[in-house]
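Q: Provided herewith: target_37.pdb, PDB, C-alpha atoms.
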```pdb
ATOM      1  CA  MET A   1      58.055 -11.994 -43.333
ATOM      2  CA  SER A   2      60.008  -8.727 -43.640
ATOM      3  CA  HIS A   3      60.867  -7.248 -40.259
ATOM      4  CA  THR A   4      61.531  -3.704 -41.540
ATOM      5  CA  PRO A   5      57.937  -2.368 -41.138
ATOM      6  CA  PHE A   6      57.891  -3.537 -37.490
ATOM      7  CA  ILE A   7      61.205  -1.816 -36.746
ATOM      8  CA  TRP A   8      60.024   1.420 -38.429
ATOM      9  CA  ALA A   9      56.700   1.260 -36.591
ATOM     10  CA  ALA A  10      58.410   0.728 -33.207
ATOM     11  CA  TYR A  11      60.787   3.672 -33.635
ATOM     12  CA  THR A  12      58.039   5.920 -35.058
ATOM     13  CA  VAL A  13      55.748   5.214 -32.083
ATOM     14  CA  GLY A  14      58.663   5.767 -29.680
ATOM     15  CA  THR A  15      59.635   9.065 -31.328
ATOM     16  CA  ILE A  16      56.042  10.373 -31.301
ATOM     17  CA  VAL A  17      55.410   9.442 -27.644
ATOM     18  CA  PHE A  18      58.755  10.803 -26.388
ATOM     19  CA  LEU A  19      58.443  14.013 -28.445
ATOM     20  CA  TRP A  20      54.895  14.585 -27.159
ATOM     21  CA  CYS A  21      56.021  13.876 -23.596
ATOM     22  CA  ALA A  22      58.890  16.379 -23.928
ATOM     23  CA  LEU A  23      56.871  19.131 -25.646
ATOM     24  CA  ALA A  24      53.672  18.954 -23.556
ATOM     25  CA  PRO A  25      55.197  20.686 -20.468
ATOM     26  CA  LEU A  26      56.511  23.505 -22.681
ATOM     27  CA  ALA A  27      52.967  24.252 -23.870
ATOM     28  CA  ARG A  28      51.787  24.208 -20.225
ATOM     29  CA  LYS A  29      54.621  26.572 -19.268
ATOM     30  CA  LYS A  30      53.563  29.022 -21.988
ATOM     31  CA  SER A  31      49.985  28.918 -20.720
ATOM     32  CA  ALA A  32      51.108  29.334 -17.063
ATOM     33  CA  LEU A  33      53.274  32.349 -17.957
ATOM     34  CA  ARG A  34      50.315  33.906 -19.818
ATOM     35  CA  ASP A  35      48.118  33.428 -16.708
ATOM     36  CA  ILE A  36      50.766  34.975 -14.442
ATOM     37  CA  ARG A  37      51.177  38.017 -16.761
ATOM     38  CA  ARG A  38      47.389  38.479 -16.767
ATOM     39  CA  LEU A  39      47.312  38.255 -12.957
ATOM     40  CA  ILE A  40      50.111  40.834 -12.645
ATOM     41  CA  GLN A  41      48.245  43.206 -15.002
ATOM     42  CA  LEU A  42      45.052  42.754 -12.979
ATOM     43  CA  GLU A  43      46.847  43.434  -9.700
ATOM     44  CA  GLU A  44      48.625  46.469 -11.143
ATOM     45  CA  SER A  45      45.421  47.896 -12.606
ATOM     46  CA  SER A  46      43.515  47.363  -9.337
ATOM     47  CA  GLY A  47      46.434  48.986  -7.454
ATOM     48  CA  ASP A  48      46.340  52.019  -9.789
ATOM     49  CA  SER A  49      42.591  52.522  -9.328
ATOM     50  CA  ASN A  50      42.899  52.450  -5.502
ATOM     51  CA  PRO A  51      43.931  55.838  -4.048
TER      52      PRO A  51
ATOM     53  CA  MET B   1      93.324  10.230  13.226
ATOM     54  CA  ASN B   2      89.581   9.660  13.357
ATOM     55  CA  THR B   3      89.007  13.203  14.579
ATOM     56  CA  ASN B   4      90.894  14.532  11.537
ATOM     57  CA  ILE B   5      88.694  12.541   9.186
ATOM     58  CA  ALA B   6      85.583  13.804  10.930
ATOM     59  CA  VAL B   7      86.835  17.401  10.666
ATOM     60  CA  LYS B   8      87.738  16.930   6.992
ATOM     61  CA  ASP B   9      84.350  15.319   6.192
ATOM     62  CA  LYS B  10      82.287  17.929   7.982
ATOM     63  CA  PRO B  11      82.402  20.708   5.347
ATOM     64  CA  ARG B  12      81.599  18.188   2.572
ATOM     65  CA  LYS B  13      78.602  16.871   4.507
ATOM     66  CA  ASN B  14      77.435  20.390   5.166
ATOM     67  CA  ALA B  15      77.722  21.233   1.476
ATOM     68  CA  LEU B  16      75.530  18.229   0.590
ATOM     69  CA  VAL B  17      72.973  19.072   3.278
ATOM     70  CA  MET B  18      72.987  22.688   2.087
ATOM     71  CA  PHE B  19      72.429  21.558  -1.509
ATOM     72  CA  ILE B  20      69.459  19.329  -0.530
ATOM     73  CA  HIS B  21      68.102  22.151   1.609
ATOM     74  CA  LYS B  22      68.451  24.618  -1.274
ATOM     75  CA  MET B  23      66.711  22.207  -3.676
ATOM     76  CA  GLY B  24      63.697  22.399  -1.368
ATOM     77  CA  SER B  25      63.439  26.127  -2.007
ATOM     78  CA  PRO B  26      61.233  26.729  -5.102
ATOM     79  CA  PRO B  27      63.035  29.892  -6.401
ATOM     80  CA  TRP B  28      66.458  28.242  -6.061
ATOM     81  CA  PHE B  29      65.217  24.993  -7.624
ATOM     82  CA  TYR B  30      63.653  26.881 -10.540
ATOM     83  CA  ASP B  31      66.792  28.900 -11.208
ATOM     84  CA  PHE B  32      69.289  26.017 -10.779
ATOM     85  CA  THR B  33      67.368  23.489 -12.885
ATOM     86  CA  GLY B  34      66.784  26.098 -15.592
ATOM     87  CA  LYS B  35      70.557  26.232 -16.108
ATOM     88  CA  LEU B  36      70.970  22.449 -15.830
ATOM     89  CA  ILE B  37      68.226  21.213 -18.201
ATOM     90  CA  PRO B  38      69.827  22.264 -21.556
ATOM     91  CA  TRP B  39      73.008  20.342 -20.631
ATOM     92  CA  ILE B  40      70.995  17.225 -19.739
ATOM     93  CA  TRP B  41      69.190  17.401 -23.104
ATOM     94  CA  LEU B  42      72.552  17.798 -24.857
ATOM     95  CA  ILE B  43      73.996  14.675 -23.170
ATOM     96  CA  PHE B  44      70.776  12.784 -23.997
ATOM     97  CA  GLY B  45      71.051  13.825 -27.666
ATOM     98  CA  VAL B  46      74.693  12.760 -27.965
ATOM     99  CA  LEU B  47      74.175   9.406 -26.205
ATOM    100  CA  THR B  48      70.991   8.593 -28.169
ATOM    101  CA  SER B  49      72.636   9.376 -31.527
ATOM    102  CA  TRP B  50      75.647   7.242 -30.609
ATOM    103  CA  GLY B  51      73.557   4.354 -29.233
ATOM    104  CA  LEU B  52      71.164   4.297 -32.181
ATOM    105  CA  TYR B  53      74.022   4.496 -34.711
ATOM    106  CA  LEU B  54      75.725   1.491 -33.102
ATOM    107  CA  GLY B  55      72.468  -0.424 -32.653
ATOM    108  CA  LEU B  56      70.733   0.267 -35.948
ATOM    109  CA  VAL B  57      73.714   0.628 -38.316
ATOM    110  CA  LYS B  58      76.790  -1.100 -36.894
ATOM    111  CA  ALA B  59      75.414  -4.109 -34.974
ATOM    112  CA  PRO B  60      74.983  -7.251 -37.104
ATOM    113  CA  ALA B  61      71.583  -8.939 -37.560
ATOM    114  CA  ASP B  62      70.749 -11.627 -35.005
ATOM    115  CA  TYR B  63      71.216 -15.204 -36.266
ATOM    116  CA  LEU B  64      67.802 -16.266 -34.899
ATOM    117  CA  GLN B  65      65.605 -13.125 -34.835
ATOM    118  CA  GLY B  66      67.079 -11.409 -37.909
ATOM    119  CA  GLU B  67      66.640  -7.623 -38.034
ATOM    120  CA  SER B  68      63.690  -7.506 -35.610
ATOM    121  CA  PHE B  69      66.078  -7.692 -32.623
ATOM    122  CA  ARG B  70      66.873  -3.974 -33.303
ATOM    123  CA  ILE B  71      63.534  -3.105 -31.649
ATOM    124  CA  MET B  72      65.341  -4.087 -28.435
ATOM    125  CA  TYR B  73      67.211  -0.736 -28.421
ATOM    126  CA  ILE B  74      63.982   1.130 -27.735
ATOM    127  CA  HIS B  75      61.958  -1.620 -26.031
ATOM    128  CA  VAL B  76      64.380  -2.766 -23.321
ATOM    129  CA  PRO B  77      65.500   0.702 -22.092
ATOM    130  CA  SER B  78      61.819   1.789 -22.032
ATOM    131  CA  ALA B  79      60.787  -1.290 -20.032
ATOM    132  CA  TRP B  80      63.644  -0.763 -17.556
ATOM    133  CA  MET B  81      62.720   2.920 -17.206
ATOM    134  CA  SER B  82      59.035   2.114 -16.658
ATOM    135  CA  MET B  83      60.033   0.228 -13.498
ATOM    136  CA  LEU B  84      62.821   2.570 -12.405
ATOM    137  CA  ILE B  85      60.587   5.652 -12.672
ATOM    138  CA  TYR B  86      57.836   3.935 -10.696
ATOM    139  CA  THR B  87      60.400   3.020  -8.006
ATOM    140  CA  SER B  88      61.662   6.606  -7.813
ATOM    141  CA  MET B  89      58.066   7.917  -7.789
ATOM    142  CA  ALA B  90      57.204   5.591  -4.883
ATOM    143  CA  VAL B  91      60.358   6.585  -2.946
ATOM    144  CA  MET B  92      59.674  10.295  -3.507
ATOM    145  CA  GLY B  93      56.042   9.682  -2.570
ATOM    146  CA  PHE B  94      57.143   8.015   0.660
ATOM    147  CA  ILE B  95      59.421  10.959   1.543
ATOM    148  CA  ALA B  96      56.615  13.392   0.672
ATOM    149  CA  LEU B  97      54.138  11.539   2.881
ATOM    150  CA  VAL B  98      56.437  11.057   5.873
ATOM    151  CA  TRP B  99      58.326  14.366   5.922
ATOM    152  CA  ARG B 100      55.765  16.502   4.022
ATOM    153  CA  VAL B 101      58.380  17.841   1.608
ATOM    154  CA  ARG B 102      56.545  19.844  -1.044
ATOM    155  CA  MET B 103      59.271  19.534  -3.701
ATOM    156  CA  MET B 104      59.096  15.739  -3.348
ATOM    157  CA  GLU B 105      55.325  15.832  -3.954
ATOM    158  CA  ILE B 106      55.948  17.892  -7.097
ATOM    159  CA  LEU B 107      58.749  15.618  -8.317
ATOM    160  CA  ALA B 108      56.743  12.441  -7.627
ATOM    161  CA  MET B 109      53.725  13.783  -9.516
ATOM    162  CA  SER B 110      55.919  15.025 -12.389
ATOM    163  CA  SER B 111      57.399  11.520 -12.720
ATOM    164  CA  ALA B 112      54.043   9.851 -13.444
ATOM    165  CA  PRO B 113      53.465  11.080 -17.046
ATOM    166  CA  VAL B 114      57.078  10.305 -18.018
ATOM    167  CA  GLY B 115      56.788   6.824 -16.517
ATOM    168  CA  ALA B 116      53.479   6.277 -18.320
ATOM    169  CA  ALA B 117      55.118   7.304 -21.625
ATOM    170  CA  PHE B 118      57.960   4.790 -21.114
ATOM    171  CA  THR B 119      55.488   2.027 -20.165
ATOM    172  CA  LEU B 120      53.346   2.728 -23.233
ATOM    173  CA  VAL B 121      56.413   2.618 -25.505
ATOM    174  CA  ALA B 122      57.612  -0.617 -23.837
ATOM    175  CA  LEU B 123      54.192  -2.246 -24.411
ATOM    176  CA  VAL B 124      53.758  -1.080 -28.023
ATOM    177  CA  THR B 125      57.328  -1.835 -29.133
ATOM    178  CA  GLY B 126      57.203  -5.218 -27.359
ATOM    179  CA  SER B 127      54.024  -5.993 -29.216
ATOM    180  CA  LEU B 128      55.629  -4.961 -32.530
ATOM    181  CA  TRP B 129      58.572  -7.243 -31.757
ATOM    182  CA  GLY B 130      56.236 -10.078 -30.722
ATOM    183  CA  ARG B 131      54.421 -10.244 -34.075
ATOM    184  CA  PRO B 132      57.421 -11.359 -36.219
ATOM    185  CA  THR B 133      59.052 -13.312 -33.358
ATOM    186  CA  TRP B 134      56.159 -15.043 -31.547
ATOM    187  CA  GLY B 135      53.583 -14.749 -34.338
ATOM    188  CA  THR B 136      51.227 -12.619 -32.217
ATOM    189  CA  TYR B 137      50.986  -9.001 -31.063
ATOM    190  CA  TRP B 138      49.683  -9.857 -27.601
ATOM    191  CA  VAL B 139      49.285 -12.736 -25.146
ATOM    192  CA  TRP B 140      47.960 -12.553 -21.583
ATOM    193  CA  ASP B 141      51.328 -13.655 -20.291
ATOM    194  CA  ALA B 142      52.425 -12.688 -16.741
ATOM    195  CA  ARG B 143      55.154 -10.233 -17.850
ATOM    196  CA  LEU B 144      52.966  -8.458 -20.423
ATOM    197  CA  THR B 145      49.927  -8.323 -18.140
ATOM    198  CA  SER B 146      51.867  -6.989 -15.139
ATOM    199  CA  GLU B 147      53.453  -4.319 -17.374
ATOM    200  CA  LEU B 148      49.951  -3.341 -18.555
ATOM    201  CA  VAL B 149      48.892  -3.105 -14.888
ATOM    202  CA  LEU B 150      51.864  -0.748 -14.389
ATOM    203  CA  LEU B 151      50.500   1.534 -17.133
ATOM    204  CA  PHE B 152      47.093   1.559 -15.398
ATOM    205  CA  LEU B 153      48.801   2.386 -12.090
ATOM    206  CA  TYR B 154      50.552   5.375 -13.668
ATOM    207  CA  LEU B 155      47.244   6.513 -15.207
ATOM    208  CA  GLY B 156      45.532   6.005 -11.835
ATOM    209  CA  VAL B 157      48.127   8.186 -10.050
ATOM    210  CA  MET B 158      47.755  10.914 -12.708
ATOM    211  CA  GLY B 159      43.954  10.672 -12.628
ATOM    212  CA  LEU B 160      43.738  10.851  -8.834
ATOM    213  CA  TYR B 161      46.103  13.839  -8.748
ATOM    214  CA  SER B 162      43.962  15.750 -11.267
ATOM    215  CA  ALA B 163      40.686  14.765  -9.589
ATOM    216  CA  ILE B 164      41.398  16.710  -6.356
ATOM    217  CA  ASP B 165      41.481  20.513  -6.572
ATOM    218  CA  GLU B 166      43.862  21.285  -3.703
ATOM    219  CA  PRO B 167      47.357  20.357  -5.083
ATOM    220  CA  ARG B 168      48.933  19.249  -1.784
ATOM    221  CA  LYS B 169      45.975  17.060  -0.789
ATOM    222  CA  ALA B 170      45.902  15.657  -4.332
ATOM    223  CA  ALA B 171      49.634  14.891  -4.244
ATOM    224  CA  ARG B 172      49.364  13.109  -0.879
ATOM    225  CA  ALA B 173      46.495  10.905  -2.093
ATOM    226  CA  ALA B 174      48.322  10.109  -5.342
ATOM    227  CA  CYS B 175      51.606   9.407  -3.481
ATOM    228  CA  LEU B 176      49.753   6.889  -1.300
ATOM    229  CA  LEU B 177      48.379   5.159  -4.402
ATOM    230  CA  ALA B 178      51.899   5.132  -5.912
ATOM    231  CA  LEU B 179      53.228   3.486  -2.753
ATOM    232  CA  VAL B 180      50.519   0.809  -2.727
ATOM    233  CA  GLY B 181      51.095   0.142  -6.443
ATOM    234  CA  ALA B 182      54.794  -0.534  -5.826
ATOM    235  CA  VAL B 183      53.775  -4.115  -4.968
ATOM    236  CA  ASN B 184      53.503  -4.658  -8.748
ATOM    237  CA  LEU B 185      57.248  -4.022  -9.293
ATOM    238  CA  PRO B 186      58.584  -7.347  -7.953
ATOM    239  CA  ILE B 187      55.725  -9.092  -9.786
ATOM    240  CA  ILE B 188      56.923  -7.602 -13.106
ATOM    241  CA  HIS B 189      60.562  -8.395 -12.379
ATOM    242  CA  TYR B 190      60.078 -11.983 -11.206
ATOM    243  CA  SER B 191      57.114 -12.843 -13.459
ATOM    244  CA  VAL B 192      59.414 -14.665 -15.918
ATOM    245  CA  LYS B 193      60.770 -16.790 -13.046
ATOM    246  CA  TRP B 194      57.566 -17.384 -11.069
ATOM    247  CA  TRP B 195      55.402 -18.356 -14.056
ATOM    248  CA  ASN B 196      55.935 -20.130 -17.325
ATOM    249  CA  THR B 197      55.796 -17.142 -19.679
ATOM    250  CA  LEU B 198      56.169 -16.601 -23.414
ATOM    251  CA  HIS B 199      58.334 -13.580 -22.621
ATOM    252  CA  GLN B 200      61.962 -14.711 -22.294
ATOM    253  CA  GLY B 201      63.980 -14.387 -19.087
ATOM    254  CA  SER B 202      66.689 -11.781 -18.502
ATOM    255  CA  SER B 203      69.576 -11.832 -20.985
ATOM    256  CA  ILE B 204      71.603  -9.351 -18.927
ATOM    257  CA  SER B 205      72.449  -9.563 -15.248
ATOM    258  CA  LEU B 206      74.375  -7.156 -13.042
ATOM    259  CA  THR B 207      76.114 -10.084 -11.336
ATOM    260  CA  GLY B 208      76.003 -13.041 -13.714
ATOM    261  CA  GLY B 209      77.216 -11.515 -16.983
ATOM    262  CA  SER B 210      75.318 -11.430 -20.261
ATOM    263  CA  ASN B 211      74.472 -13.791 -23.130
ATOM    264  CA  ILE B 212      74.432 -10.969 -25.690
ATOM    265  CA  ASP B 213      77.393 -10.341 -28.008
ATOM    266  CA  PRO B 214      79.290  -7.117 -27.032
ATOM    267  CA  SER B 215      78.562  -5.571 -30.464
ATOM    268  CA  MET B 216      74.841  -5.752 -29.577
ATOM    269  CA  LEU B 217      75.204  -5.177 -25.835
ATOM    270  CA  TRP B 218      77.087  -1.845 -25.920
ATOM    271  CA  PRO B 219      74.428   0.060 -27.907
ATOM    272  CA  LEU B 220      71.833  -1.275 -25.449
ATOM    273  CA  LEU B 221      73.811  -0.046 -22.438
ATOM    274  CA  ILE B 222      74.365   3.374 -24.084
ATOM    275  CA  MET B 223      70.625   3.672 -24.786
ATOM    276  CA  ALA B 224      69.856   2.606 -21.209
ATOM    277  CA  ILE B 225      72.005   5.504 -19.921
ATOM    278  CA  ALA B 226      70.595   7.945 -22.511
ATOM    279  CA  VAL B 227      66.975   7.419 -21.409
ATOM    280  CA  LYS B 228      67.943   8.289 -17.828
ATOM    281  CA  PHE B 229      68.991  11.734 -19.074
ATOM    282  CA  TYR B 230      65.668  12.012 -20.942
ATOM    283  CA  TYR B 231      63.834  11.259 -17.692
ATOM    284  CA  ALA B 232      65.934  13.769 -15.717
ATOM    285  CA  ALA B 233      65.406  16.590 -18.242
ATOM    286  CA  ASN B 234      61.698  15.868 -18.646
ATOM    287  CA  LEU B 235      61.111  15.492 -14.898
ATOM    288  CA  LEU B 236      62.837  18.776 -14.050
ATOM    289  CA  THR B 237      61.000  20.631 -16.860
ATOM    290  CA  ARG B 238      57.655  19.321 -15.600
ATOM    291  CA  ALA B 239      58.510  20.139 -11.976
ATOM    292  CA  ARG B 240      59.385  23.741 -12.964
ATOM    293  CA  VAL B 241      56.045  24.140 -14.764
ATOM    294  CA  ARG B 242      54.142  22.747 -11.763
ATOM    295  CA  LEU B 243      55.950  25.212  -9.507
ATOM    296  CA  LEU B 244      54.899  28.092 -11.767
ATOM    297  CA  GLU B 245      51.290  26.853 -11.809
ATOM    298  CA  GLN B 246      51.092  26.361  -8.028
ATOM    299  CA  ASP B 247      52.979  29.521  -7.012
ATOM    300  CA  LEU B 248      51.503  31.920  -9.574
ATOM    301  CA  ARG B 249      50.362  34.324  -6.822
ATOM    302  CA  LYS B 250      53.663  34.248  -4.951
ATOM    303  CA  GLY B 251      56.198  37.057  -5.106
ATOM    304  CA  TRP B 252      59.117  35.061  -6.515
ATOM    305  CA  VAL B 253      57.080  33.910  -9.544
ATOM    306  CA  GLN B 254      55.664  37.369 -10.209
ATOM    307  CA  ASN B 255      59.132  38.961  -9.896
ATOM    308  CA  LEU B 256      60.541  36.346 -12.274
ATOM    309  CA  VAL B 257      57.873  37.067 -14.889
ATOM    310  CA  ARG B 258      58.238  40.854 -14.410
ATOM    311  CA  GLU B 259      62.003  40.601 -14.957
ATOM    312  CA  ARG B 260      61.497  38.523 -18.107
ATOM    313  CA  SER B 261      58.901  40.936 -19.488
ATOM    314  CA  LYS B 262      61.351  43.883 -19.238
TER     315      LYS B 262
END
```
When written as structure tokens, how does the structure in this file appear?

A:
Amino acid sequence: MSHTPFIWAAYTVGTIVFLWCALAPLARKKSALRDIRRLIQLEESSGDSNP
Amino acid sequence: MNTNIAVKDKPRKNALVMFIHKMGSPPWFYDFTGKLIPWIWLIFGVLTSWGLYLGLVKAPADYLQGESFRIMYIHVPSAWMSMLIYTSMAVMGFIALVWRVRMMEILAMSSAPVGAAFTLVALVTGSLWGRPTWGTYWVWDARLTSELVLLFLYLGVMGLYSAIDEPRKAARAACLLALVGAVNLPIIHYSVKWWNTLHQGSSISLTGGSNIDPSMLWPLLIMAIAVKFYYAANLLTRARVRLLEQDLRKGWVQNLVRERSK
């Protein structure tokens, strides 16, 4: 039995899981920053409308 | 003489206490770790490239297992990390519960997904090594089963944390679960000694030497160090994001975003 496919499969799975685990928080950060910008805009616009 | 030592040590102690104290401050933590993370990723990249080159290219094939032993360079460091991360999560959870340190709650909860990723990789790569070596992908052996329980514990901690709306209450409940689950760690470690398992015993010991040839051992040790940098970088990145999410209405976060938008 050739062992090569098992080695490739192990490293491919490892790479996918570790890449996903490293990139997922970056996507969450982008979304959090978007929420904060929206909140700032809302606060600024409500502050402008109040005399 | 003793007084001199005490006087000399005092500023160093104060510096350490000051550093720990500063790390508890979200704006300082966010700023400091933001500068640190790229360097940790760089060290991880260098160590991983070096370890994988030695392990996959330079190390000779094993006389018994053939080429399949090379799976060890991802499997063993992942399995070690799955236990180490759970230990650190439980310790941070304990500190968070006893002293109510918010940064510890955040760090403990940020550890869970990284630990789950390492456990998943350890299980899958172990299974892929088991097929050519044992002739099966899976057996309900004590080591494999207790490692699977560890994955469920990580998922349980993550699930409980997301199930409660208030982040601090959620973190305390999940930290308690993490602490209770720590009972599984000695079971995983000693499973190969306590029961007759298909999984082999330890080949490396901190005290008793190793039965692996140095040409195969060094890449393993380099990879074991490399994954610790992966954990550190990933943990700090996740903790920073959680801080942003939890403090989005606070002044320091809004000022930070305002400054970046300029």

Q: How far is it from CA of Val91 in chain B to CA of Trp28 in chain B, in Å with one decimal?

A: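 Interatomic distance, CA of Val91 in chain B to CA of Trp28 in chain B: 22.7 Å.
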
Q: Pull the closest atom pair for each residue of chain A that gets at most 8 Å from chain B, along with the distance in Å to one decimal, counting all atoms listed in the file, ordering rows by chain and then ascending residue number, as a Markdown table.

A:
```
| residue | atom | partner | partner_atom | distance |
| --- | --- | --- | --- | --- |
| A:Met1 | CA | B:Pro132 | CA | 7.2 |
| A:His3 | CA | B:Ser68 | CA | 5.4 |
| A:Thr4 | CA | B:Glu67 | CA | 7.3 |
| A:Phe6 | CA | B:Leu128 | CA | 5.6 |
| A:Ile7 | CA | B:Ile71 | CA | 5.8 |
| A:Ala9 | CA | B:Leu128 | CA | 7.5 |
| A:Ala10 | CA | B:Thr125 | CA | 4.9 |
| A:Tyr11 | CA | B:Ile74 | CA | 7.2 |
| A:Val13 | CA | B:Val121 | CA | 7.1 |
| A:Gly14 | CA | B:Val121 | CA | 5.7 |
| A:Val17 | CA | B:Ala117 | CA | 6.4 |
| A:Phe18 | CA | B:Ala117 | CA | 6.9 |
| A:Cys21 | CA | B:Val114 | CA | 6.7 |
| A:Ala22 | CA | B:Asn234 | CA | 6.0 |
| A:Pro25 | CA | B:Arg238 | CA | 5.6 |
| A:Leu26 | CA | B:Thr237 | CA | 7.9 |
| A:Arg28 | CA | B:Val241 | CA | 6.9 |
| A:Lys29 | CA | B:Val241 | CA | 5.3 |
| A:Ala32 | CA | B:Glu245 | CA | 5.8 |
| A:Leu33 | CA | B:Val257 | CA | 7.3 |
| A:Ile36 | CA | B:Leu248 | CA | 5.8 |
| A:Arg37 | CA | B:Val257 | CA | 7.0 |
| A:Leu39 | CA | B:Arg249 | CA | 7.9 |
| A:Ile40 | CA | B:Gln254 | CA | 7.0 |
```

Q: Keeping only C-alpha atoms, write the selected residues as a CSV table (one decimal), in the coordinates of the input.

A:
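What follows is the written file result06.csv:
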```csv
chain,number,residue,atom,x,y,z
A,1,MET,CA,58.1,-12.0,-43.3
A,3,HIS,CA,60.9,-7.2,-40.3
A,4,THR,CA,61.5,-3.7,-41.5
A,6,PHE,CA,57.9,-3.5,-37.5
A,7,ILE,CA,61.2,-1.8,-36.7
A,9,ALA,CA,56.7,1.3,-36.6
A,10,ALA,CA,58.4,0.7,-33.2
A,11,TYR,CA,60.8,3.7,-33.6
A,13,VAL,CA,55.7,5.2,-32.1
A,14,GLY,CA,58.7,5.8,-29.7
A,17,VAL,CA,55.4,9.4,-27.6
A,18,PHE,CA,58.8,10.8,-26.4
A,21,CYS,CA,56.0,13.9,-23.6
A,22,ALA,CA,58.9,16.4,-23.9
A,25,PRO,CA,55.2,20.7,-20.5
A,26,LEU,CA,56.5,23.5,-22.7
A,28,ARG,CA,51.8,24.2,-20.2
A,29,LYS,CA,54.6,26.6,-19.3
A,32,ALA,CA,51.1,29.3,-17.1
A,33,LEU,CA,53.3,32.3,-18.0
A,36,ILE,CA,50.8,35.0,-14.4
A,37,ARG,CA,51.2,38.0,-16.8
A,39,LEU,CA,47.3,38.3,-13.0
A,40,ILE,CA,50.1,40.8,-12.6
```

Q: What does the structure give for the distance between CA of Asp165 in chain B and CA of Ala232 in chain B, in Å to one decimal?

A: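 Rounded to one decimal, the two atoms are 27.0 Å apart.
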
Q: Report as an NGL selection string the residues that result from applying the PyMOL selection byres ((chain B and resi 148-155) around 10) to the structure here.

A: :B and (82-83 or 86 or 89 or 109 or 111-120 or 122-123 or 140 or 142-147 or 156-161 or 174 or 177-178 or 180-182 or 184-185 or 188)

Q: Could you save the residues just selected, with C-alpha atoms, as a PDB file, in the coordinates of the input?

A:
```pdb
ATOM      1  CA  SER B  82      59.035   2.114 -16.658  1.00  0.00           C
ATOM      2  CA  MET B  83      60.033   0.228 -13.498  1.00  0.00           C
ATOM      3  CA  TYR B  86      57.836   3.935 -10.696  1.00  0.00           C
ATOM      4  CA  MET B  89      58.066   7.917  -7.789  1.00  0.00           C
ATOM      5  CA  MET B 109      53.725  13.783  -9.516  1.00  0.00           C
ATOM      6  CA  SER B 111      57.399  11.520 -12.720  1.00  0.00           C
ATOM      7  CA  ALA B 112      54.043   9.851 -13.444  1.00  0.00           C
ATOM      8  CA  PRO B 113      53.465  11.080 -17.046  1.00  0.00           C
ATOM      9  CA  VAL B 114      57.078  10.305 -18.018  1.00  0.00           C
ATOM     10  CA  GLY B 115      56.788   6.824 -16.517  1.00  0.00           C
ATOM     11  CA  ALA B 116      53.479   6.277 -18.320  1.00  0.00           C
ATOM     12  CA  ALA B 117      55.118   7.304 -21.625  1.00  0.00           C
ATOM     13  CA  PHE B 118      57.960   4.790 -21.114  1.00  0.00           C
ATOM     14  CA  THR B 119      55.488   2.027 -20.165  1.00  0.00           C
ATOM     15  CA  LEU B 120      53.346   2.728 -23.233  1.00  0.00           C
ATOM     16  CA  ALA B 122      57.612  -0.617 -23.837  1.00  0.00           C
ATOM     17  CA  LEU B 123      54.192  -2.246 -24.411  1.00  0.00           C
ATOM     18  CA  TRP B 140      47.960 -12.553 -21.583  1.00  0.00           C
ATOM     19  CA  ALA B 142      52.425 -12.688 -16.741  1.00  0.00           C
ATOM     20  CA  ARG B 143      55.154 -10.233 -17.850  1.00  0.00           C
ATOM     21  CA  LEU B 144      52.966  -8.458 -20.423  1.00  0.00           C
ATOM     22  CA  THR B 145      49.927  -8.323 -18.140  1.00  0.00           C
ATOM     23  CA  SER B 146      51.867  -6.989 -15.139  1.00  0.00           C
ATOM     24  CA  GLU B 147      53.453  -4.319 -17.374  1.00  0.00           C
ATOM     25  CA  GLY B 156      45.532   6.005 -11.835  1.00  0.00           C
ATOM     26  CA  VAL B 157      48.127   8.186 -10.050  1.00  0.00           C
ATOM     27  CA  MET B 158      47.755  10.914 -12.708  1.00  0.00           C
ATOM     28  CA  GLY B 159      43.954  10.672 -12.628  1.00  0.00           C
ATOM     29  CA  LEU B 160      43.738  10.851  -8.834  1.00  0.00           C
ATOM     30  CA  TYR B 161      46.103  13.839  -8.748  1.00  0.00           C
ATOM     31  CA  ALA B 174      48.322  10.109  -5.342  1.00  0.00           C
ATOM     32  CA  LEU B 177      48.379   5.159  -4.402  1.00  0.00           C
ATOM     33  CA  ALA B 178      51.899   5.132  -5.912  1.00  0.00           C
ATOM     34  CA  VAL B 180      50.519   0.809  -2.727  1.00  0.00           C
ATOM     35  CA  GLY B 181      51.095   0.142  -6.443  1.00  0.00           C
ATOM     36  CA  ALA B 182      54.794  -0.534  -5.826  1.00  0.00           C
ATOM     37  CA  ASN B 184      53.503  -4.658  -8.748  1.00  0.00           C
ATOM     38  CA  LEU B 185      57.248  -4.022  -9.293  1.00  0.00           C
ATOM     39  CA  ILE B 188      56.923  -7.602 -13.106  1.00  0.00           C
TER      40      ILE B 188
END
```

Q: In Å, how far is it from CA of Leu107 in chain B to CA of Ile187 in chain B?

A: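 A separation of 24.9 Å between them.
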
Q: Between B:Trp218, B:Arg100, B:Glu259, B:Ala226, which has the minimum distance to Trp41 in chain B (counting all atoms listed in the file)?

A: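 Using all atoms listed in the file, Trp41 in chain B sits closest to B:Ala226.
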
Q: With the file shown as input, list the residues that the PyMOL selection byres ((chain B and resi 194-203) around 8) selects, as a list in words.

A: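 Output from the PyMOL selection byres ((chain B and resi 194-203) around 8), applied to this file: Asp141, Ala142, Arg143, Leu144, Tyr190, Ser191, Val192, Lys193, Ile204, Ser205, Ser210, Asn211 and Ile212 of chain B.
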